[in-house]
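Engineer: Sharing upload-v1.cif here; it has mmCIF, C-alpha atoms.
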```cif
data_run
loop_
_atom_site.label_atom_id
_atom_site.label_comp_id
_atom_site.auth_asym_id
_atom_site.auth_seq_id
_atom_site.Cartn_x
_atom_site.Cartn_y
_atom_site.Cartn_z
CA MET A 1 0.00 0.00 0.00
CA GLN A 2 2.89 2.34 0.75
CA ASP A 3 4.34 1.69 -2.78
CA ILE A 4 0.96 2.55 -4.33
CA ARG A 5 0.81 5.85 -2.45
CA TRP A 6 4.36 6.75 -3.54
CA ASN A 7 3.60 5.86 -7.18
CA ALA A 8 0.57 8.17 -7.14
CA PHE A 9 2.68 10.88 -5.47
CA TRP A 10 5.48 10.72 -8.07
CA LEU A 11 2.99 10.64 -10.95
CA GLY A 12 1.23 13.72 -9.61
CA LEU A 13 4.58 15.47 -9.04
CA LEU A 14 5.76 14.78 -12.61
CA LEU A 15 2.47 16.02 -14.04
CA SER A 16 2.72 19.22 -11.96
CA LEU A 17 6.33 19.83 -13.10
CA LEU A 18 5.33 19.31 -16.74
CA CYS A 19 2.52 21.85 -16.37
CA LEU A 20 4.89 24.37 -14.75
CA ILE A 21 7.34 23.98 -17.68
CA ILE A 22 4.51 24.47 -20.19
CA TRP A 23 3.30 27.52 -18.24
CA ALA A 24 6.78 29.00 -18.32
CA ALA A 25 7.19 28.23 -22.05
CA THR A 26 3.72 29.28 -23.20
CA ASP A 27 0.91 30.52 -20.93
CA ALA A 28 -1.26 29.52 -17.95
CA VAL A 29 -4.24 28.43 -20.08
CA THR A 30 -2.18 25.85 -21.98
CA ALA A 31 -0.72 24.58 -18.70
CA LEU A 32 -4.20 24.20 -17.14
CA ILE A 33 -5.47 22.40 -20.24
CA THR A 34 -2.49 20.03 -20.06
CA LEU A 35 -3.09 19.43 -16.33
CA SER A 36 -6.79 18.78 -16.91
CA ALA A 37 -6.06 16.39 -19.78
CA GLY A 38 -3.51 14.50 -17.69
CA LEU A 39 -5.87 14.18 -14.73
CA PHE A 40 -8.68 13.10 -17.06
CA LEU A 41 -6.55 10.38 -18.62
CA TYR A 42 -5.39 9.32 -15.13
CA LEU A 43 -9.04 9.09 -14.04
CA ILE A 44 -10.06 7.19 -17.18
CA GLY A 45 -7.26 4.69 -16.50
CA HIS A 46 -8.52 4.11 -12.94
CA ILE A 47 -12.12 3.74 -14.13
CA TYR A 48 -11.00 1.19 -16.72
CA TRP A 49 -9.13 -0.95 -14.21
CA LEU A 50 -11.97 -0.61 -11.69
CA HIS A 51 -14.28 -1.96 -14.37
CA ARG A 52 -11.89 -4.87 -15.03
CA LEU A 53 -11.71 -5.57 -11.30
CA HIS A 54 -15.49 -5.46 -10.95
CA THR A 55 -15.90 -7.84 -13.91
CA TRP A 56 -13.35 -10.27 -12.45
CA LEU A 57 -14.96 -10.21 -8.99
CA LYS A 58 -18.19 -11.49 -10.51
CA LYS A 59 -16.31 -14.66 -11.46
CA PRO A 60 -13.00 -14.64 -9.54
CA VAL A 61 -11.00 -17.25 -11.47
CA LEU A 62 -7.35 -17.01 -10.48
CA ASN A 63 -5.81 -17.50 -13.93
CA GLN A 64 -8.14 -14.88 -15.46
CA MET A 65 -7.10 -12.03 -13.17
CA PRO A 66 -6.04 -8.84 -15.11
CA ASN A 67 -2.38 -7.84 -14.98
CA GLY A 68 -2.97 -4.11 -14.64
CA THR A 69 -0.53 -1.24 -15.19
CA GLY A 70 1.02 1.21 -12.83
CA VAL A 71 -0.47 1.13 -9.37
CA TRP A 72 -3.07 -1.36 -10.58
CA GLU A 73 -0.31 -3.87 -11.29
CA ASP A 74 0.55 -3.81 -7.58
CA ILE A 75 -3.12 -4.02 -6.61
CA PHE A 76 -3.79 -7.05 -8.81
CA ALA A 77 -0.58 -8.70 -7.63
CA ALA A 78 -1.67 -8.26 -3.97
CA LEU A 79 -5.15 -9.59 -4.81
CA TYR A 80 -3.59 -12.55 -6.58
CA GLN A 81 -1.47 -13.48 -3.52
CA GLU A 82 -4.39 -13.04 -1.14
CA HIS A 83 -6.65 -15.13 -3.34
CA ARG A 84 -4.06 -17.90 -3.42
CA ARG A 85 -3.74 -17.84 0.36
CA ASN A 86 -7.53 -17.99 0.77
CA SER A 87 -7.74 -20.85 -1.72
CA ARG A 88 -5.10 -22.80 0.19
CA SER A 89 -6.86 -22.08 3.52
CA LYS A 90 -10.19 -23.11 2.06
CA THR A 91 -8.68 -26.32 0.68
CA GLN A 92 -7.09 -27.12 4.04
CA LEU A 93 -10.33 -26.36 5.88
CA SER A 94 -12.35 -28.51 3.50
CA SER A 95 -9.82 -31.30 3.88
CA THR A 96 -9.93 -31.04 7.69
CA LEU A 97 -13.73 -30.99 7.69
CA GLU A 98 -13.83 -33.99 5.38
CA ARG A 99 -11.41 -35.91 7.63
CA PHE A 100 -13.55 -35.03 10.67
CA ARG A 101 -16.67 -36.28 8.93
CA HIS A 102 -14.94 -39.50 7.88
CA ALA A 103 -13.71 -40.03 11.44
CA ALA A 104 -17.10 -39.21 12.97
CA SER A 105 -18.82 -41.49 10.47
CA ALA A 106 -16.57 -44.35 11.57
CA LEU A 107 -17.56 -43.93 15.23
CA PRO A 108 -19.94 -46.55 16.62
CA ASP A 109 -21.76 -43.81 18.56
CA GLY A 110 -24.22 -41.44 16.97
CA VAL A 111 -23.03 -37.83 16.62
CA VAL A 112 -25.34 -34.90 15.80
CA VAL A 113 -24.13 -31.28 15.49
CA LEU A 114 -26.81 -28.78 16.56
CA ASN A 115 -26.72 -25.02 16.05
CA SER A 116 -27.83 -22.38 18.57
CA ASP A 117 -31.49 -23.00 17.64
CA ASN A 118 -31.12 -26.79 18.15
CA GLU A 119 -31.33 -27.36 14.40
CA ILE A 120 -29.43 -30.24 12.81
CA GLU A 121 -26.27 -29.15 10.98
CA TRP A 122 -24.78 -32.60 10.47
CA CYS A 123 -25.03 -36.16 11.76
CA ASN A 124 -23.22 -39.45 11.13
CA PRO A 125 -24.79 -42.74 9.93
CA PRO A 126 -25.09 -44.30 13.44
CA ALA A 127 -27.13 -41.26 14.53
CA GLU A 128 -29.39 -41.71 11.53
CA ASN A 129 -29.96 -45.37 12.43
CA GLN A 130 -30.41 -44.84 16.18
CA LEU A 131 -32.52 -41.66 16.09
CA GLY A 132 -34.32 -42.20 12.80
CA LEU A 133 -32.77 -39.20 11.08
CA ASN A 134 -31.99 -38.59 7.42
CA LEU A 135 -29.36 -35.90 6.87
CA LYS A 136 -30.47 -35.17 3.27
CA HIS A 137 -34.02 -34.39 4.37
CA ASP A 138 -33.57 -33.34 8.00
CA GLU A 139 -30.70 -30.86 7.69
CA ASN A 140 -31.60 -27.51 9.32
CA GLN A 141 -34.64 -29.10 10.96
CA PRO A 142 -35.12 -28.68 14.77
CA ILE A 143 -34.10 -31.87 16.56
CA SER A 144 -37.22 -31.69 18.76
CA TYR A 145 -39.41 -32.07 15.63
CA LEU A 146 -37.76 -35.39 14.84
CA VAL A 147 -36.97 -36.83 18.29
CA ARG A 148 -40.24 -36.34 20.14
CA HIS A 149 -39.57 -38.48 23.22
CA SER A 150 -40.91 -36.47 26.18
CA ASP A 151 -37.86 -37.14 28.40
CA PHE A 152 -35.53 -35.97 25.63
CA VAL A 153 -37.55 -32.79 25.05
CA GLU A 154 -37.44 -31.99 28.79
CA TYR A 155 -33.70 -32.71 28.83
CA LEU A 156 -33.15 -30.38 25.85
CA GLN A 157 -35.26 -27.63 27.40
CA ALA A 158 -33.44 -27.91 30.76
CA GLN A 159 -30.10 -27.22 29.10
CA GLU A 160 -31.58 -24.52 26.88
CA GLN A 161 -32.88 -22.62 29.91
CA ASP A 162 -29.63 -23.03 31.84
CA GLU A 163 -26.60 -22.65 29.53
CA SER A 164 -24.14 -23.20 32.41
CA PHE A 165 -25.76 -26.53 33.25
CA ASN A 166 -23.37 -29.42 32.73
CA SER A 167 -25.85 -32.17 31.94
CA GLU A 168 -25.47 -35.83 32.76
CA PRO A 169 -26.46 -38.40 30.10
CA ILE A 170 -30.03 -39.65 30.05
CA LYS A 171 -31.20 -43.14 29.10
CA LEU A 172 -34.23 -43.62 26.87
CA LYS A 173 -36.03 -46.58 25.40
CA SER A 174 -35.77 -46.33 21.63
CA TRP A 175 -39.04 -45.26 20.00
CA ARG A 176 -38.03 -47.30 16.94
CA ASN A 177 -37.27 -50.51 18.85
CA PRO A 178 -38.52 -50.83 22.46
CA GLU A 179 -35.85 -53.45 23.20
CA VAL A 180 -33.04 -50.95 22.54
CA THR A 181 -31.83 -48.55 25.23
CA LEU A 182 -30.10 -45.34 24.15
CA GLU A 183 -27.87 -43.09 26.23
CA ILE A 184 -27.99 -39.46 25.06
CA GLN A 185 -25.81 -36.57 26.18
CA LEU A 186 -25.69 -32.92 25.09
CA ILE A 187 -22.28 -31.23 25.16
CA PRO A 188 -22.05 -27.44 24.58
CA PHE A 189 -19.27 -26.25 22.26
CA GLY A 190 -18.39 -23.39 19.95
CA SER A 191 -20.73 -20.42 19.74
CA LYS A 192 -23.87 -21.75 21.47
CA GLN A 193 -23.68 -24.97 19.48
CA LYS A 194 -24.28 -28.43 20.91
CA LEU A 195 -22.91 -31.88 20.22
CA LEU A 196 -25.44 -34.66 20.75
CA ILE A 197 -23.82 -38.02 21.51
CA CYS A 198 -26.06 -41.09 21.21
CA ARG A 199 -24.92 -44.54 22.29
CA ASP A 200 -26.58 -47.96 22.23
CA VAL A 201 -26.23 -49.23 25.81
CA THR A 202 -28.67 -52.13 25.57
CA ALA A 203 -26.08 -54.77 26.57
CA LEU A 204 -24.77 -52.63 29.44
CA GLU A 205 -28.30 -51.92 30.60
CA LYS A 206 -29.15 -55.63 30.67
CA THR A 207 -26.03 -56.31 32.72
CA GLU A 208 -26.91 -53.44 35.05
CA ILE A 209 -30.45 -54.77 35.48
CA MET A 210 -29.05 -58.20 36.35
CA ARG A 211 -26.73 -56.61 38.92
CA ARG A 212 -29.52 -54.57 40.47
CA ASP A 213 -31.87 -57.55 40.57
CA PHE A 214 -29.18 -59.69 42.18
CA ILE A 215 -28.46 -57.06 44.87
CA ALA A 216 -32.16 -56.49 45.51
CA ASN A 217 -32.92 -60.21 45.75
CA VAL A 218 -29.95 -61.00 47.98
CA SER A 219 -30.69 -58.02 50.23
CA HIS A 220 -34.33 -59.03 50.50
CA GLU A 221 -33.41 -62.64 51.32
CA LEU A 222 -30.89 -61.55 53.96
CA ARG A 223 -33.31 -59.22 55.72
CA THR A 224 -35.46 -62.03 57.17
CA PRO A 225 -32.66 -64.17 58.69
CA LEU A 226 -30.98 -61.04 60.08
CA THR A 227 -34.23 -60.00 61.72
CA VAL A 228 -34.54 -63.46 63.27
CA VAL A 229 -30.92 -63.47 64.47
CA GLY A 230 -31.26 -59.95 65.89
CA GLY A 231 -34.49 -60.89 67.64
CA PHE A 232 -32.96 -63.96 69.29
CA LEU A 233 -29.92 -61.95 70.42
CA GLU A 234 -32.14 -59.28 72.01
CA THR A 235 -34.24 -61.96 73.69
CA LEU A 236 -31.22 -63.76 75.13
CA VAL A 237 -29.70 -60.52 76.44
CA ASP A 238 -32.99 -59.55 78.10
CA MET A 239 -33.47 -62.94 79.76
CA ASP A 240 -32.08 -63.08 83.29
CA GLY A 241 -29.24 -65.54 83.56
CA ALA A 242 -29.41 -66.62 79.91
CA VAL A 243 -26.12 -64.95 79.06
CA PRO A 244 -23.18 -65.00 81.49
CA GLU A 245 -21.76 -61.60 82.41
CA SER A 246 -18.45 -62.52 80.78
CA LEU A 247 -20.21 -62.97 77.40
CA LYS A 248 -22.52 -59.97 77.42
CA ASN A 249 -19.92 -57.77 75.72
CA TYR A 250 -19.74 -60.25 72.84
CA PHE A 251 -23.51 -60.32 72.55
CA GLY A 252 -23.52 -56.52 72.47
CA MET A 253 -21.00 -56.56 69.62
CA MET A 254 -23.12 -59.10 67.72
CA MET A 255 -26.24 -56.96 68.15
CA ASP A 256 -24.36 -53.86 66.92
CA GLN A 257 -23.08 -55.67 63.84
CA THR A 258 -26.53 -57.12 63.16
CA SER A 259 -28.04 -53.63 63.29
CA ARG A 260 -25.31 -52.36 60.99
CA MET A 261 -26.02 -55.12 58.46
CA ARG A 262 -29.70 -54.23 58.59
CA ARG A 263 -28.88 -50.59 57.76
CA ILE A 264 -26.65 -51.68 54.87
CA ILE A 265 -29.40 -53.92 53.50
CA GLU A 266 -31.99 -51.13 53.79
CA ASP A 267 -29.66 -48.71 51.96
CA LEU A 268 -28.94 -51.32 49.27
CA LEU A 269 -32.66 -51.82 48.72
CA THR A 270 -33.20 -48.05 48.58
CA LEU A 271 -30.37 -47.60 46.08
CA SER A 272 -31.63 -50.52 43.98
CA THR A 273 -35.15 -49.03 43.92
CA ILE A 274 -33.88 -45.62 42.78
CA GLU A 275 -31.60 -47.13 40.10
CA SER A 276 -34.32 -49.37 38.70
CA ASN A 277 -36.83 -46.52 38.47
CA THR A 278 -36.59 -45.40 34.84
CA GLN A 279 -39.58 -43.06 35.05
CA SER A 280 -39.09 -39.36 35.58
CA PRO A 281 -39.49 -38.23 39.20
CA ASP A 282 -42.64 -36.50 40.37
CA ASN A 283 -42.89 -32.91 39.21
CA ASN A 284 -44.82 -31.62 42.22
CA GLU A 285 -44.26 -28.20 43.73
CA ILE A 286 -42.48 -28.62 47.07
CA ASP A 287 -42.92 -26.27 50.03
CA MET A 288 -39.21 -25.98 50.83
CA SER A 289 -39.79 -23.90 53.97
CA LYS A 290 -41.79 -26.72 55.55
CA LEU A 291 -39.37 -29.38 54.33
CA LEU A 292 -36.26 -27.60 55.63
CA HIS A 293 -37.80 -27.03 59.05
CA GLN A 294 -38.53 -30.75 59.19
CA ILE A 295 -34.90 -31.52 58.28
CA GLN A 296 -33.71 -29.11 60.98
CA ASN A 297 -35.90 -30.81 63.60
CA ASP A 298 -34.67 -34.25 62.52
CA ALA A 299 -31.08 -33.01 62.73
CA ASN A 300 -31.63 -31.77 66.30
CA SER A 301 -33.12 -35.13 67.26
CA LEU A 302 -30.18 -37.02 65.75
CA SER A 303 -27.69 -34.75 67.50
CA LYS A 304 -29.37 -35.39 70.89
CA SER A 305 -29.34 -39.14 70.33
CA LEU A 306 -25.62 -39.18 69.49
CA ASN A 307 -24.23 -36.71 72.03
CA LYS A 308 -24.85 -35.34 75.48
CA THR A 309 -23.82 -31.93 74.13
CA THR A 310 -25.86 -31.15 71.02
CA HIS A 311 -24.74 -29.30 67.90
CA ASN A 312 -25.70 -25.73 67.05
CA ILE A 313 -27.87 -26.11 63.94
CA HIS A 314 -28.57 -22.88 62.01
CA LEU A 315 -31.09 -22.50 59.18
CA ASP A 316 -30.83 -19.61 56.70
CA MET A 317 -33.31 -19.82 53.84
CA ASP A 318 -35.24 -17.87 51.27
CA LYS A 319 -38.86 -18.58 52.25
CA ASN A 320 -40.12 -17.64 48.77
CA LEU A 321 -37.83 -20.08 46.95
CA HIS A 322 -39.33 -23.46 46.07
CA ILE A 323 -38.66 -26.21 43.53
CA LYS A 324 -40.47 -28.94 41.62
CA GLY A 325 -39.63 -32.61 42.10
CA SER A 326 -40.21 -35.69 44.23
CA GLN A 327 -40.54 -34.57 47.85
CA GLU A 328 -39.81 -38.06 49.23
CA GLU A 329 -36.61 -38.47 47.21
CA LEU A 330 -35.34 -34.93 47.85
CA TYR A 331 -36.06 -35.22 51.57
CA SER A 332 -33.90 -38.36 51.58
CA ALA A 333 -31.04 -36.58 49.78
CA LEU A 334 -31.14 -33.37 51.85
CA SER A 335 -31.49 -35.14 55.21
CA ASN A 336 -28.63 -37.50 54.26
CA LEU A 337 -26.23 -34.58 53.82
CA THR A 338 -27.41 -33.01 57.06
CA SER A 339 -27.05 -36.22 59.07
CA ASN A 340 -23.55 -36.74 57.65
CA ALA A 341 -22.58 -33.25 58.83
CA ILE A 342 -23.79 -34.08 62.34
CA ARG A 343 -22.06 -37.47 62.47
CA TYR A 344 -18.69 -36.05 61.38
CA THR A 345 -18.78 -32.87 63.49
CA PRO A 346 -17.70 -33.00 67.14
CA ALA A 347 -20.37 -32.34 69.77
CA GLY A 348 -20.98 -28.63 70.26
CA GLY A 349 -19.95 -27.81 66.68
CA ASP A 350 -21.91 -25.68 64.23
CA ILE A 351 -24.04 -26.89 61.33
CA PHE A 352 -25.23 -24.25 58.82
CA ILE A 353 -28.12 -25.21 56.53
CA GLY A 354 -28.66 -22.80 53.62
CA TRP A 355 -31.30 -22.44 50.91
CA LYS A 356 -30.66 -19.60 48.46
CA LEU A 357 -31.01 -18.51 44.83
CA ARG A 358 -27.67 -18.27 42.99
CA ASP A 359 -27.45 -17.30 39.32
CA ASN A 360 -31.11 -18.33 38.79
CA GLN A 361 -30.33 -21.73 40.33
CA ALA A 362 -31.64 -22.99 43.67
CA VAL A 363 -28.83 -24.10 46.00
CA PHE A 364 -29.18 -26.20 49.15
CA SER A 365 -26.00 -26.25 51.24
CA VAL A 366 -24.83 -27.86 54.48
CA ARG A 367 -21.68 -26.40 56.03
CA ASP A 368 -20.11 -27.91 59.13
CA THR A 369 -17.14 -27.29 61.41
CA GLY A 370 -16.19 -30.94 61.48
CA ILE A 371 -13.10 -33.00 60.73
CA GLY A 372 -12.97 -32.14 57.02
CA ILE A 373 -11.92 -34.28 54.08
CA GLU A 374 -8.62 -34.44 52.19
CA GLN A 375 -8.85 -33.31 48.55
CA GLN A 376 -7.70 -36.68 47.22
CA HIS A 377 -10.90 -38.31 48.52
CA ILE A 378 -13.51 -35.79 47.32
CA ASP A 379 -13.94 -37.10 43.76
CA ARG A 380 -14.69 -40.62 45.05
CA LEU A 381 -17.08 -39.82 47.88
CA THR A 382 -20.20 -40.79 45.89
CA GLU A 383 -18.86 -44.27 45.06
CA ARG A 384 -20.57 -47.21 46.76
CA PHE A 385 -18.88 -48.23 50.02
CA TYR A 386 -16.04 -45.74 49.56
CA ARG A 387 -14.83 -44.61 52.98
CA VAL A 388 -12.32 -41.91 53.87
CA ASP A 389 -11.80 -43.47 57.31
CA ARG A 390 -13.32 -46.94 57.67
CA GLY A 391 -13.04 -46.99 61.45
CA ARG A 392 -14.61 -43.55 61.79
CA SER A 393 -17.46 -44.48 59.41
CA ARG A 394 -18.37 -47.56 61.42
CA GLU A 395 -18.28 -45.61 64.68
CA THR A 396 -20.73 -43.03 63.35
CA GLY A 397 -23.08 -45.69 61.95
CA GLY A 398 -22.37 -45.00 58.28
CA THR A 399 -23.02 -47.65 55.62
CA GLY A 400 -20.95 -46.15 52.80
CA LEU A 401 -24.03 -45.88 50.57
CA GLY A 402 -25.55 -42.56 51.63
CA LEU A 403 -23.80 -40.30 49.10
CA ALA A 404 -24.31 -42.87 46.33
CA ILE A 405 -28.07 -42.64 47.03
CA VAL A 406 -27.83 -38.83 47.01
CA LYS A 407 -26.02 -38.86 43.65
CA HIS A 408 -28.68 -41.02 41.98
CA ILE A 409 -31.51 -38.89 43.36
CA LEU A 410 -29.84 -35.72 42.06
CA ASN A 411 -29.27 -37.29 38.64
CA ARG A 412 -32.99 -38.00 38.42
CA HIS A 413 -33.69 -34.32 39.15
CA GLN A 414 -30.97 -33.00 36.77
CA ALA A 415 -29.18 -31.51 39.78
CA ARG A 416 -25.52 -31.74 40.78
CA LEU A 417 -23.50 -32.11 43.96
CA GLU A 418 -20.65 -29.70 44.80
CA ILE A 419 -18.21 -30.52 47.60
CA GLU A 420 -15.72 -28.18 49.27
CA SER A 421 -13.67 -29.27 52.24
CA GLN A 422 -10.56 -28.46 54.23
CA LEU A 423 -9.03 -30.97 56.59
CA GLY A 424 -9.51 -29.94 60.21
CA VAL A 425 -11.71 -26.96 59.29
CA GLY A 426 -14.94 -28.42 57.92
CA SER A 427 -16.88 -29.26 54.77
CA THR A 428 -19.62 -27.76 52.61
CA PHE A 429 -21.91 -30.00 50.57
CA SER A 430 -24.13 -28.12 48.10
CA ILE A 431 -26.92 -29.33 45.83
CA VAL A 432 -27.46 -27.11 42.77
CA PHE A 433 -30.86 -27.42 41.10
CA PRO A 434 -31.26 -26.24 37.48
CA LYS A 435 -33.30 -23.19 36.60
CA ALA A 436 -36.05 -25.40 35.16
CA CYS A 437 -36.84 -26.76 38.67
CA VAL A 438 -37.03 -23.38 40.40
CA LYS A 439 -40.30 -21.83 41.62
CA THR A 440 -40.27 -18.43 43.31
CA LYS A 441 -43.66 -18.99 44.91
CA LEU A 442 -46.14 -21.80 45.36
CA SER A 443 -49.22 -22.03 43.17
#
```
Let me see the structure of the file written as structure tokens.
Structural biologist:
Amino acid sequence: MQDIRWNAFWLGLLLSLLCLIIWAATDAVTALITLSAGLFLYLIGHIYWLHRLHTWLKKPVLNQMPNGTGVWEDIFAALYQEHRRNSRSKTQLSSTLERFRHAASALPDGVVVLNSDNEIEWCNPPAENQLGLNLKHDENQPISYLVRHSDFVEYLQAQEQDESFNSEPIKLKSWRNPEVTLEIQLIPFGSKQKLLICRDVTALEKTEIMRRDFIANVSHELRTPLTVVGGFLETLVDMDGAVPESLKNYFGMMMDQTSRMRRIIEDLLTLSTIESNTQSPDNNEIDMSKLLHQIQNDANSLSKSLNKTTHNIHLDMDKNLHIKGSQEELYSALSNLTSNAIRYTPAGGDIFIGWKLRDNQAVFSVRDTGIGIEQQHIDRLTERFYRVDRGRSRETGGTGLGLAIVKHILNRHQARLEIESQLGVGSTFSIVFPKACVKTKLS
């Protein structure tokens, strides 16, 4: 561009000098006529090359680009180089896109690219087979017009209303083949786009059903003999002279372990029931003020039963904030977190129960001043039977299944669990409910 400006400058300077010479040799009129003629020819030349450029831009074929003269030679040369660079970039981009499509087409999982309006931009053959799509006919069509399963539509709407929501996969029975189970997950990417991943998990689901049935059946069969054994132990201990004083400690240990096994079996049955329930949870409006006061009262009762010195349990809540869901399941999840805080906080410690609106999301939190948890354990706390301190868990009556039950209940409500803890200082367990569940007042 600098060369072009200098060329125009020198051309104008030469024309001015020529006119000055003519003025000196003849008169001013002849000099002005010469200047006007030179500027006119200069303008005609620019108009000509502008016309050539305009004609070429209508059909920009590289080998048909004009050569130009003067400053236009530099302009066309710069355009030629830029066009070549764009052509190479376009070729590379097309090649990369083609490789991506080939790779995505080879995946066993279905992949659908959705734009900001949830319209189909592209999908691979497995997605066509699993979801009943046809890319030739369904491109730019809203996915909700083609996949009309009610659970999927609710799942799509939940993420649409809450862009920060990191959704867990959902499992659906295929509407094309009821014997097939599909796992679908939406992953945000790019500029408000989404990647829909669809996977056939029929074999895994059958194995999972077998596992759940086995646990449920075994737990159910164990409950009766344990009840009988526990009953006989209590009877023998209560009978005068039936158990020698030297053996009463052993009988007490047996009764404690029997009670612990009963609690484990009850939690296993609860977890199995929640896992096997494929239906969406109730969508009733819950009076959270009433529910949280009940949890606070239960927490005070538990604290009194465990310690001579009770805990200080504080409740701070937004009385106008309510949610929709299954009251029975959510009571189980919320009270589980509260009871854990009491069991792992020394007597006289503080328990803070919170219920607030944060970024249009309802957040239930339980903060304690207990023993805390090391960071290396936090990611595994919701695993079945995972214990940070096995001895401590048994002393407090824990079964190792409470947080696993909480996790499954939250998954059913599209909520998530956040854990913050510092060893020796305390822990905060928070449940974050999506915007779709929030109600600011009861109907």
Engineer: For atom CA of A:Gly68 and atom CA of A:Leu32, quote the distance in Å rounded to one decimal.
Structural biologist: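 Here the two named atoms are 28.4 Å from each other.
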Engineer: Show me the residues close to (-22.0, -46.1, 48.2) - anything with an atom within 10 Å, counting all atoms listed in the file - and format the list as a VMD selection string.
Structural biologist: chain A and resid 264 267 to 268 271 380 to 387 399 to 407
Engineer: Just the number, please: distance in Å from atom CA of A:Arg367 to atom CA of A:Ala341, one decimal.
Structural biologist: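 Taking atom CA of A:Arg367 as the start and atom CA of A:Ala341 as the end point, the length is 7.5 Å.
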Engineer: Can you give me, as a ChimeraX atom specification, the residues this file yields under the PyMOL selection byres ((chain A and resi 296) around 12)?
Structural biologist: /A:288-295,297-303,311-317,331,334-339,342,351-354,366
Engineer: So which residues get picked by the PyMOL selection byres ((chain A and resi 129-146) around 9) here, written as an mmCIF file with C-alpha atoms, keeping the file's coordinate frame?
Structural biologist:
```cif
data_model
loop_
_atom_site.group_PDB
_atom_site.id
_atom_site.type_symbol
_atom_site.label_atom_id
_atom_site.label_comp_id
_atom_site.auth_asym_id
_atom_site.auth_seq_id
_atom_site.Cartn_x
_atom_site.Cartn_y
_atom_site.Cartn_z
ATOM 1 C CA GLY A 110 -24.220 -41.440 16.970
ATOM 2 C CA LEU A 114 -26.810 -28.780 16.560
ATOM 3 C CA ASN A 115 -26.720 -25.020 16.050
ATOM 4 C CA ASP A 117 -31.490 -23.000 17.640
ATOM 5 C CA ASN A 118 -31.120 -26.790 18.150
ATOM 6 C CA GLU A 119 -31.330 -27.360 14.400
ATOM 7 C CA ILE A 120 -29.430 -30.240 12.810
ATOM 8 C CA GLU A 121 -26.270 -29.150 10.980
ATOM 9 C CA TRP A 122 -24.780 -32.600 10.470
ATOM 10 C CA CYS A 123 -25.030 -36.160 11.760
ATOM 11 C CA ASN A 124 -23.220 -39.450 11.130
ATOM 12 C CA PRO A 125 -24.790 -42.740 9.930
ATOM 13 C CA PRO A 126 -25.090 -44.300 13.440
ATOM 14 C CA ALA A 127 -27.130 -41.260 14.530
ATOM 15 C CA GLU A 128 -29.390 -41.710 11.530
ATOM 16 C CA VAL A 147 -36.970 -36.830 18.290
ATOM 17 C CA ARG A 148 -40.240 -36.340 20.140
ATOM 18 C CA HIS A 149 -39.570 -38.480 23.220
ATOM 19 C CA PHE A 152 -35.530 -35.970 25.630
ATOM 20 C CA VAL A 153 -37.550 -32.790 25.050
ATOM 21 C CA LEU A 156 -33.150 -30.380 25.850
ATOM 22 C CA SER A 174 -35.770 -46.330 21.630
ATOM 23 C CA TRP A 175 -39.040 -45.260 20.000
ATOM 24 C CA ARG A 176 -38.030 -47.300 16.940
ATOM 25 C CA LEU A 182 -30.100 -45.340 24.150
ATOM 26 C CA CYS A 198 -26.060 -41.090 21.210
ATOM 27 C CA ARG A 199 -24.920 -44.540 22.290
ATOM 28 C CA ASP A 200 -26.580 -47.960 22.230
#
```
Engineer: Using all atoms listed in the file, which residues sit within 7 Å of A:Cys19 once same-chain residues fewer than 4 positions away are excluded, as a list in words?
Structural biologist: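 So, after excluding close chain neighbours, the residues are Leu15, Trp23, Ala31, Thr34 and Leu35 of chain A.
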Engineer: Using all atoms listed in the file, find the one residue out of A:Ser95, A:Asn307, A:Gln81, A:Gln375 that sits nearest to A:Thr345.
Structural biologist: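 With all atoms listed in the file as the atom set, the closest residue is A:Asn307.
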Engineer: Give me, please, the distance in Å between atom CA of A:Ile419 and atom CA of A:Ser280, quoted to one decimal.
Structural biologist: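 These atoms are spaced 25.7 Å apart.
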Engineer: Within 9 Å of A:Leu330, counting only C-alpha atoms, which residues qualify if same-chain residues fewer than 3 places away don't, as a VMD selection string?
Structural biologist: chain A and resid 325 to 327 333 to 335 406 409 to 410 413
Engineer: Can you sort out the box for stretch 113-123 of chain A, edges along x, y and z, all listed atoms in, 8 Å on every side, with centre and edge lengths in Å to one decimal, as AutoDock Vina command-line options?
Structural biologist:
```
--center_x -27.8 --center_y -29.3 --center_z 14.5 --size_x 23.4 --size_y 29.8 --size_z 24.1
```
Engineer: Could you pull the residues within 9 Å of stretch 319-322 of chain A, counting only C-alpha atoms, minus those fewer than 6 positions along the same chain, as a ChimeraX atom specification?
Structural biologist: /A:285-289,355-357,362,437-442
Engineer: Since the input has fewer atoms than a full residue there, write stretch 242-246 of chain A out with N, CA and C atoms, as an mmCIF file, in the frame of the given file.
Structural biologist:
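Writing done, so here's out.cif:
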```
data_model
loop_
_atom_site.group_PDB
_atom_site.id
_atom_site.type_symbol
_atom_site.label_atom_id
_atom_site.label_comp_id
_atom_site.auth_asym_id
_atom_site.auth_seq_id
_atom_site.Cartn_x
_atom_site.Cartn_y
_atom_site.Cartn_z
ATOM 1 N N ALA A 242 -29.604 -65.881 81.171
ATOM 2 C CA ALA A 242 -29.410 -66.620 79.910
ATOM 3 C C ALA A 242 -28.007 -66.428 79.360
ATOM 4 N N VAL A 243 -27.450 -65.253 79.583
ATOM 5 C CA VAL A 243 -26.120 -64.950 79.060
ATOM 6 C C VAL A 243 -25.207 -64.605 80.247
ATOM 7 N N PRO A 244 -24.112 -65.323 80.410
ATOM 8 C CA PRO A 244 -23.180 -65.000 81.490
ATOM 9 C C PRO A 244 -22.616 -63.587 81.317
ATOM 10 N N GLU A 245 -22.292 -62.953 82.452
ATOM 11 C CA GLU A 245 -21.760 -61.600 82.410
ATOM 12 C C GLU A 245 -20.509 -61.500 81.547
ATOM 13 N N SER A 246 -19.700 -62.544 81.541
ATOM 14 C CA SER A 246 -18.450 -62.520 80.780
ATOM 15 C C SER A 246 -18.686 -62.517 79.274
#
```
